[in-house]
Amino acid sequence: MKHYLQFSDLSLEEYAYIFERTVYIKHKFKTYQKHRTLVDRTLAMIFEKASTRTRVSFEAGMYQMGGSVVNLTTGDSQLGRSEPIEDSAKVISRMVDLVMIRTFGQDKLTAFANNSRVPVINGLTNEFHPCQILADLFTFFEHRNLGKSPLESLKGIVVAWVGDGNNMANSWLQAADLLDFKVHVSTPSGYEIDPRISGLKSAKSFKVFKDPHEACKGADLVTTDVWTSMGYEAENAKRQEAFADWCVDQDMMALAKPKALFMHCLPAHRGEEVSAEVIDGPQSVVWDEAENRMHVQKALMEYLILGRQTDTA
């Protein structure tokens with residue numbers, strides 16, 4: 001049994017399989033062919049942090065594969081009434097086949113997984129957001145594959161991360177460390193990344209820049225996130241001031257490669273972390289990126305429940 005709590009939980013070979021499987025699953029979706037490999041399987045979704053994209057992508061994906069979904073929040077379960085998370089895990093995992101949790105601290109997710117009899121997926125924590133990076137990497141492959149396999153398409157690219165040293169940044173670092181590409185990181189002072197959180201094997205996979213424009217030079221992909229993530233609303237005014245020079249605009253994109261892509265995990269605030277001209281412009285692939293959350297997660301859920309599948313018809 002495998003859990004998916006952070007990007008580093010799977011191997012290079014497993015990612016090669018999941019990306020190839022996503023190609024197959026998405027093709028069936030786009031050509032209106034049924035793909036129902038998870039009939040009679042149940043996904044429990046536990047939300048301590050609200051979400052639009054996470055809920056819709058997991059729920060729609062599970063239903064499309066023939067399974068069913070139980071949606072829980074802290075307001076309608078014992079999770080919000082001080083039941084130990086270990087007890088909740090032992091009970092819930094006896095009744096379902098897979099659990100997705102979107103919460104605050106990674107420690108809560110880990111405690112649940114340590115007491116679960118079924119695979120657990122990280123839907124987002126303060127520390128990591130691996131499913132989003134999975135979707136981002138697949139989206140890059142779709143747009144820039146040049147006839148190569150997914151992992152070949154990603155090897156050696158440069159990703160510019162402009163903004164907060166948050167869960168997305170941490171997951172990008174893990175992905176670069178494993179898949180052999182480089183991340184240029186630029187954050188305001190006081191909001192830097194902490195490589196220790198990602199547990200990197202080497203510092204060669206990233207480079208830190210004080211100037212976000214310098215980080216974007218020669219990048220194949222420029223990406224960012226909101227300045228104030230959920231749970232940090234009390235810091236909003238302070239962050240607005242600190243991040244003022246970290247808005248991804250046309251000047252930054254002009255420094256990247258001519259065919260560079262722009263991504264954002266959404267929701268986005270135009271005029272803050274990204275200009276409207278960029279997110280709504282020709283280099284932006286944010287809508288494909290959002291849709292691909294569903295497709296990569298379908299491949300991930302299928303793999304965690306059933307293992308490798310060989311059907312290709």
# chains A, B, ... in the order shown; residues from 1 in each chain; ligands from 1
call {"tool": "select_by_dssp", "arguments": {"residues": "region 96-208 of chain A", "states": "alpha helix (DSSP H)", "output": "ChimeraX atom specification"}}
result
/A:106-114,130-144,150-154,167-179,195-198
call {"tool": "closest_atom_pairs", "arguments": {"of": "region 61-141 of chain A", "to": "region 185-208 of chain A", "cutoff": "12 Å", "atoms": "only C-alpha atoms", "output": "CSV"}}
result
residue,atom,partner,partner_atom,distance
A:Gln106,CA,A:Ile197,CA,10.6
A:Asn126,CA,A:Ile197,CA,11.0
A:Glu127,CA,A:Ile197,CA,7.5
A:Phe128,CA,A:Ser198,CA,8.6
A:His129,CA,A:Ser198,CA,11.5
A:Pro130,CA,A:Ser198,CA,11.4
call {"tool": "atom_distance", "arguments": {"atom1": "CA of Trp287 (chain A)", "atom2": "CA of Glu214 (chain A)"}}
result
26.7 Å
call {"tool": "closest_atom_pairs", "arguments": {"of": "region 41-158 of chain A", "to": "region 288-302 of chain A", "cutoff": "6 Å", "atoms": "only C-alpha atoms", "output": "tab-separated table"}}
result
residue	atom	partner	partner_atom	distance
A:Ser57	CA	A:Met294	CA	4.4
A:Gly61	CA	A:Lys298	CA	5.6
A:Ala135	CA	A:Arg293	CA	5.0
A:Asp136	CA	A:Glu289	CA	5.8
A:Thr139	CA	A:Glu289	CA	5.6
call {"tool": "residues_around", "arguments": {"residues": "region 226-239 of chain A", "least_positions_apart": "5", "cutoff": "7 Å", "atoms": "only C-alpha atoms", "output": "NGL selection string"}}
result
:A and (163-164 or 268-269 or 273)
call {"tool": "write_last_selection", "arguments": {"atoms": "C-alpha atoms", "output": "short mmCIF file (atom, residue, chain, number, x, y, z; two decimals), in the first residue's frame"}}
result
data_model
loop_
_atom_site.label_atom_id
_atom_site.label_comp_id
_atom_site.auth_asym_id
_atom_site.auth_seq_id
_atom_site.Cartn_x
_atom_site.Cartn_y
_atom_site.Cartn_z
CA GLY A 163 6.25 34.68 -5.10
CA ASP A 164 5.80 33.00 -1.74
CA ALA A 268 -5.82 34.15 -9.10
CA HIS A 269 -5.91 37.83 -8.19
CA GLU A 273 0.57 38.14 -8.15
#
call {"tool": "atom_distance", "arguments": {"atom1": "CA of Phe104 (chain A)", "atom2": "CA of Thr125 (chain A)"}}
result
4.9 Å
call {"tool": "closest_residue", "arguments": {"among": "A:Val159, A:Leu72, A:Cys216, A:Val99", "to": "Phe112 (chain A)", "atoms": "only C-alpha atoms"}}
result
A:Val99
call {"tool": "closest_residue", "arguments": {"among": "A:Ile46, A:Ala244, A:Leu306, A:Leu151", "to": "Asp76 (chain A)", "atoms": "only C-alpha atoms"}}
result
A:Ile46
